[in-house]
Amino acid sequence: MEREKRYPGDEEIRLSSVLFTADLCTQQGHVNEVMDRSDASQKRGWWIEFCRWQLNPGLYHYETVIANQFTVCLRCKGQTIYQQVLSVERPSSLQGWNWGYCGHYAFYHALYPRAWLVYELPGQSVVLTCRQVSPVIPHDYKDSSLPVGVFIWEVENGRDEDVEVSIMFSLQNGMGAKEDRSGGHWNEPFTFQKDGERVAGVLLHHCPAMNPFTLAISAREKNEFIVANPGGTQTEEM
């Protein structure tokens with residue numbers, strides 16, 4: 001089944017990513033974190049792919065952007081023991097990524113306005129839960145309409161040793177359309193601090209001739225976490 005359009009040539013697209021890392025204690029070790037996705041309207045399909053975009057009211061663009069993914073990395077005693085894109089896809093592009101997560105170890109649940117996925121990492125005794133929330137604030141229609149999505153990650157360590165868990169969210173600058181390769185788009189790291197809280201992330205400025213827009217991804221910094229932006233100016237061939 002064909003799941004995405006391809007465009008000929010060796011054009012490049014611009015990617016960005018936010019990475020957070022946490023050290024988990026053995027057995028009862030467990031931690032939550034929030035990763036934000038901010039755009040007009042971006043939907044995920046039942047394959048957990050980013051596949052529907054509405055950046056102009058009433059105008060929908062259906063396109064799977066294969067680069068928009070979560071990737072997990074586990075390290076023990078300074079050694080990488082597991083690294084996997086959390087997607088069952090096996091695309092012909094981005095061959096350097098470790099695709100093909102076994103769907104037998106993933107469980108999807110939905111209860112509007114939130115949905116969540118449970119990943120039982122094969123052979124690792126580590127369970128990831130990703131809760132996807134579209135904020136609904138009672139009696140506050142204005143703020144509830146803000147184009148914001150929140151991903152809350154919970155990590156459970158069932159191993160008999162400490163493990164370092166890194167989760168990376170990669171996001172393509174664009175919607176998977178031809179204009180993604182038109183050039184002129186750029187990414188910008190940012191930080192924001194208020195009331196003792198600090199957020200770090202990336203602004204993805206998409207600059208077509210008509211209707212330019214900016215996407216943003218970020219993660220809240222806490223003492224237990226390291227937040228990094230390894231891909232603020234990265235380009236990747238598709």
# chains A, B, ... in the order shown; residues from 1 in each chain; ligands from 1
>>> residues_around(residues="Val127 of chain A", least_positions_apart="6", cutoff="7 Å", atoms="only C-alpha atoms", output="compact mmCIF listing (two decimals) with all heavy atoms, in the first residue's frame")
# COMPACT_ATOMS: atom_id res chain seq x y z
N TYR A 119 4.22 1.29 24.61
CA TYR A 119 5.25 0.54 23.90
C TYR A 119 5.98 -0.35 24.91
O TYR A 119 6.63 0.15 25.82
CB TYR A 119 6.28 1.47 23.26
CG TYR A 119 5.72 2.47 22.28
CD1 TYR A 119 5.34 3.74 22.70
CD2 TYR A 119 5.62 2.15 20.92
CE1 TYR A 119 4.86 4.67 21.80
CE2 TYR A 119 5.14 3.09 20.01
CZ TYR A 119 4.76 4.34 20.46
OH TYR A 119 4.27 5.27 19.57
N GLU A 120 5.88 -1.66 24.73
CA GLU A 120 6.65 -2.60 25.54
C GLU A 120 7.89 -2.96 24.73
O GLU A 120 7.85 -3.83 23.86
CB GLU A 120 5.81 -3.83 25.86
CG GLU A 120 4.56 -3.51 26.70
CD GLU A 120 3.71 -4.73 26.98
OE1 GLU A 120 4.00 -5.81 26.41
OE2 GLU A 120 2.75 -4.61 27.76
N LEU A 121 9.00 -2.31 25.01
CA LEU A 121 10.19 -2.47 24.19
C LEU A 121 10.68 -3.91 24.24
O LEU A 121 11.02 -4.42 25.32
CB LEU A 121 11.30 -1.51 24.66
CG LEU A 121 10.92 -0.01 24.67
CD1 LEU A 121 12.15 0.82 25.05
CD2 LEU A 121 10.37 0.43 23.32
N VAL A 155 7.93 6.61 31.61
CA VAL A 155 8.90 5.54 31.38
C VAL A 155 8.98 4.66 32.62
O VAL A 155 9.21 5.17 33.72
CB VAL A 155 10.30 6.11 31.05
CG1 VAL A 155 11.26 4.97 30.72
CG2 VAL A 155 10.21 7.10 29.90
N GLU A 156 8.79 3.35 32.45
CA GLU A 156 8.88 2.40 33.56
C GLU A 156 10.06 1.47 33.30
O GLU A 156 10.15 0.83 32.25
CB GLU A 156 7.59 1.59 33.67
CG GLU A 156 6.36 2.44 33.96
CD GLU A 156 5.10 1.60 34.03
OE1 GLU A 156 5.18 0.46 34.56
OE2 GLU A 156 4.06 2.06 33.55
N ASN A 157 10.93 1.39 34.29
CA ASN A 157 12.13 0.56 34.18
C ASN A 157 11.94 -0.69 35.02
O ASN A 157 11.91 -0.64 36.25
CB ASN A 157 13.36 1.34 34.66
CG ASN A 157 14.63 0.52 34.59
OD1 ASN A 157 14.70 -0.45 33.85
ND2 ASN A 157 15.62 0.90 35.38
>>> select_by_dssp(residues="segment 40-224 of chain A", states="helix (DSSP H, G or I)", output="PyMOL selection string")
chain A and resi 103-105+141-144+178-181
>>> write_last_selection(atoms="all heavy atoms", output="tab-separated table (two decimals), in the first residue's frame")
chain	number	residue	atom	x	y	z
A	103	GLY	N	4.61	-4.13	15.73
A	103	GLY	CA	3.33	-3.68	16.25
A	103	GLY	C	2.74	-4.56	17.32
A	103	GLY	O	1.84	-4.13	18.06
A	104	HIS	N	3.24	-5.79	17.45
A	104	HIS	CA	2.76	-6.68	18.50
A	104	HIS	C	3.06	-6.13	19.89
A	104	HIS	O	2.38	-6.47	20.87
A	104	HIS	CB	3.42	-8.06	18.34
A	104	HIS	CG	3.01	-9.06	19.37
A	104	HIS	ND1	1.77	-9.68	19.37
A	104	HIS	CD2	3.67	-9.55	20.46
A	104	HIS	CE1	1.69	-10.50	20.41
A	104	HIS	NE2	2.83	-10.45	21.09
A	105	TYR	N	4.06	-5.24	19.98
A	105	TYR	CA	4.47	-4.68	21.27
A	105	TYR	C	4.00	-3.24	21.46
A	105	TYR	O	4.55	-2.52	22.30
A	105	TYR	CB	5.99	-4.74	21.40
A	105	TYR	CG	6.53	-6.15	21.38
A	105	TYR	CD1	7.04	-6.69	20.21
A	105	TYR	CD2	6.51	-6.94	22.53
A	105	TYR	CE1	7.53	-7.99	20.18
A	105	TYR	CE2	7.00	-8.24	22.51
A	105	TYR	CZ	7.50	-8.76	21.33
A	105	TYR	OH	7.97	-10.04	21.31
A	141	TYR	N	-13.10	28.92	25.79
A	141	TYR	CA	-13.06	28.53	24.38
A	141	TYR	C	-11.84	29.10	23.69
A	141	TYR	O	-11.23	28.44	22.85
A	141	TYR	CB	-14.34	29.01	23.68
A	141	TYR	CG	-14.35	28.70	22.20
A	141	TYR	CD1	-14.72	27.44	21.73
A	141	TYR	CD2	-14.01	29.68	21.26
A	141	TYR	CE1	-14.73	27.15	20.39
A	141	TYR	CE2	-14.03	29.41	19.91
A	141	TYR	CZ	-14.39	28.14	19.47
A	141	TYR	OH	-14.39	27.87	18.14
A	142	LYS	N	-11.46	30.33	24.04
A	142	LYS	CA	-10.35	30.99	23.35
A	142	LYS	C	-9.05	30.21	23.53
A	142	LYS	O	-8.38	29.86	22.54
A	142	LYS	CB	-10.18	32.41	23.89
A	142	LYS	CG	-9.05	33.19	23.22
A	142	LYS	CD	-8.94	34.61	23.77
A	142	LYS	CE	-7.78	35.36	23.14
A	142	LYS	NZ	-7.67	36.74	23.69
A	143	ASP	N	-8.67	29.90	24.77
A	143	ASP	CA	-7.42	29.20	24.99
A	143	ASP	C	-7.51	27.73	24.57
A	143	ASP	O	-6.51	27.14	24.16
A	143	ASP	CB	-7.01	29.30	26.46
A	143	ASP	CG	-6.49	30.69	26.82
A	143	ASP	OD1	-6.23	31.48	25.89
A	143	ASP	OD2	-6.36	30.99	28.02
A	144	SER	N	-8.71	27.14	24.65
A	144	SER	CA	-8.87	25.76	24.19
A	144	SER	C	-8.69	25.64	22.69
A	144	SER	O	-8.40	24.55	22.18
A	144	SER	CB	-10.26	25.23	24.59
A	144	SER	OG	-10.39	25.14	25.99
A	178	LYS	N	5.28	19.84	-2.04
A	178	LYS	CA	6.41	20.18	-2.90
A	178	LYS	C	7.14	21.42	-2.39
A	178	LYS	O	8.35	21.54	-2.53
A	178	LYS	CB	5.93	20.41	-4.33
A	178	LYS	CG	5.46	19.15	-5.04
A	178	LYS	CD	5.05	19.45	-6.47
A	178	LYS	CE	4.62	18.18	-7.19
A	178	LYS	NZ	4.21	18.47	-8.59
A	179	GLU	N	6.40	22.34	-1.78
A	179	GLU	CA	7.02	23.59	-1.33
A	179	GLU	C	8.01	23.37	-0.20
A	179	GLU	O	8.84	24.23	0.09
A	179	GLU	CB	5.93	24.58	-0.89
A	179	GLU	CG	5.18	24.12	0.35
A	179	GLU	CD	4.06	25.08	0.74
A	179	GLU	OE1	3.56	25.82	-0.12
A	179	GLU	OE2	3.71	25.08	1.93
A	180	ASP	N	7.99	22.19	0.45
A	180	ASP	CA	8.97	21.90	1.48
A	180	ASP	C	10.39	21.96	0.93
A	180	ASP	O	11.35	22.22	1.65
A	180	ASP	CB	8.74	20.51	2.08
A	180	ASP	CG	7.47	20.43	2.91
A	180	ASP	OD1	6.76	21.45	3.00
A	180	ASP	OD2	7.19	19.35	3.45
A	181	ARG	N	10.53	21.71	-0.38
A	181	ARG	CA	11.85	21.67	-1.01
A	181	ARG	C	12.15	22.93	-1.81
A	181	ARG	O	13.10	22.97	-2.58
A	181	ARG	CB	11.92	20.45	-1.93
A	181	ARG	CG	11.76	19.12	-1.17
A	181	ARG	CD	11.37	18.00	-2.12
A	181	ARG	NE	11.41	16.71	-1.45
A	181	ARG	CZ	10.45	16.23	-0.66
A	181	ARG	NH1	9.37	16.97	-0.44
A	181	ARG	NH2	10.55	15.05	-0.10
>>> residues_around(residues="Arg131 of chain A", least_positions_apart="6", cutoff="6 Å", atoms="only C-alpha atoms", output="ChimeraX atom specification")
/A:115-116,151-152
>>> write_last_selection(atoms="all heavy atoms", output="PDB file, in the first residue's frame")
ATOM      1  N   ALA A 115      -5.398  10.628  23.734  1.00  0.00           N
ATOM      2  CA  ALA A 115      -5.148   9.275  23.266  1.00  0.00           C
ATOM      3  C   ALA A 115      -3.782   8.874  23.792  1.00  0.00           C
ATOM      4  O   ALA A 115      -2.958   9.735  24.108  1.00  0.00           O
ATOM      5  CB  ALA A 115      -5.174   9.222  21.738  1.00  0.00           C
ATOM      6  N   TRP A 116      -3.539   7.575  23.905  1.00  0.00           N
ATOM      7  CA  TRP A 116      -2.236   7.180  24.414  1.00  0.00           C
ATOM      8  C   TRP A 116      -1.798   5.856  23.797  1.00  0.00           C
ATOM      9  O   TRP A 116      -2.594   5.040  23.362  1.00  0.00           O
ATOM     10  CB  TRP A 116      -2.215   7.105  25.937  1.00  0.00           C
ATOM     11  CG  TRP A 116      -3.121   6.112  26.578  1.00  0.00           C
ATOM     12  CD1 TRP A 116      -2.778   4.872  27.039  1.00  0.00           C
ATOM     13  CD2 TRP A 116      -4.521   6.282  26.875  1.00  0.00           C
ATOM     14  NE1 TRP A 116      -3.863   4.252  27.591  1.00  0.00           N
ATOM     15  CE2 TRP A 116      -4.943   5.095  27.506  1.00  0.00           C
ATOM     16  CE3 TRP A 116      -5.443   7.307  26.673  1.00  0.00           C
ATOM     17  CZ2 TRP A 116      -6.260   4.907  27.923  1.00  0.00           C
ATOM     18  CZ3 TRP A 116      -6.743   7.125  27.081  1.00  0.00           C
ATOM     19  CH2 TRP A 116      -7.139   5.946  27.701  1.00  0.00           C
ATOM     20  N   PHE A 151       2.482  16.025  24.340  1.00  0.00           N
ATOM     21  CA  PHE A 151       2.848  14.622  24.492  1.00  0.00           C
ATOM     22  C   PHE A 151       3.479  14.439  25.867  1.00  0.00           C
ATOM     23  O   PHE A 151       4.485  15.068  26.182  1.00  0.00           O
ATOM     24  CB  PHE A 151       3.846  14.201  23.418  1.00  0.00           C
ATOM     25  CG  PHE A 151       3.292  14.259  22.022  1.00  0.00           C
ATOM     26  CD1 PHE A 151       3.608  15.318  21.188  1.00  0.00           C
ATOM     27  CD2 PHE A 151       2.451  13.261  21.550  1.00  0.00           C
ATOM     28  CE1 PHE A 151       3.104  15.382  19.902  1.00  0.00           C
ATOM     29  CE2 PHE A 151       1.941  13.321  20.268  1.00  0.00           C
ATOM     30  CZ  PHE A 151       2.271  14.382  19.438  1.00  0.00           C
ATOM     31  N   ILE A 152       2.878  13.575  26.681  1.00  0.00           N
ATOM     32  CA  ILE A 152       3.370  13.298  28.029  1.00  0.00           C
ATOM     33  C   ILE A 152       3.925  11.875  28.035  1.00  0.00           C
ATOM     34  O   ILE A 152       3.196  10.910  27.780  1.00  0.00           O
ATOM     35  CB  ILE A 152       2.251  13.440  29.067  1.00  0.00           C
ATOM     36  CG1 ILE A 152       1.628  14.839  28.994  1.00  0.00           C
ATOM     37  CG2 ILE A 152       2.786  13.158  30.479  1.00  0.00           C
ATOM     38  CD1 ILE A 152       0.395  14.997  29.856  1.00  0.00           C
TER      39      ILE A 152
END
>>> closest_residue(among="A:Arg114, A:Pro189, A:Gln79, A:Leu146", to="Val133 of chain A", atoms="only C-alpha atoms")
A:Arg114
>>> residues_around(residues="Val65 of chain A", least_positions_apart="2", cutoff="9 Å", atoms="only C-alpha atoms", output="ChimeraX atom specification")
/A:4,49-51,63,67-69,171-172,174-176
>>> residues_around(residues="segment 199-216 of chain A", least_positions_apart="2", cutoff="6 Å", atoms="only C-alpha atoms", output="MDAnalysis selection string")
chainID A and resid 38:39 173 185:192 218:221
>>> atom_distance(atom1="atom CA of Tyr112 of chain A", atom2="atom CA of Gln132 of chain A")
9.9 Å
>>> atom_distance(atom1="atom CA of Arg75 of chain A", atom2="atom CA of Phe225 of chain A")
14.8 Å
>>> atom_distance(atom1="atom CA of Leu128 of chain A", atom2="atom CA of Asn223 of chain A")
20.2 Å
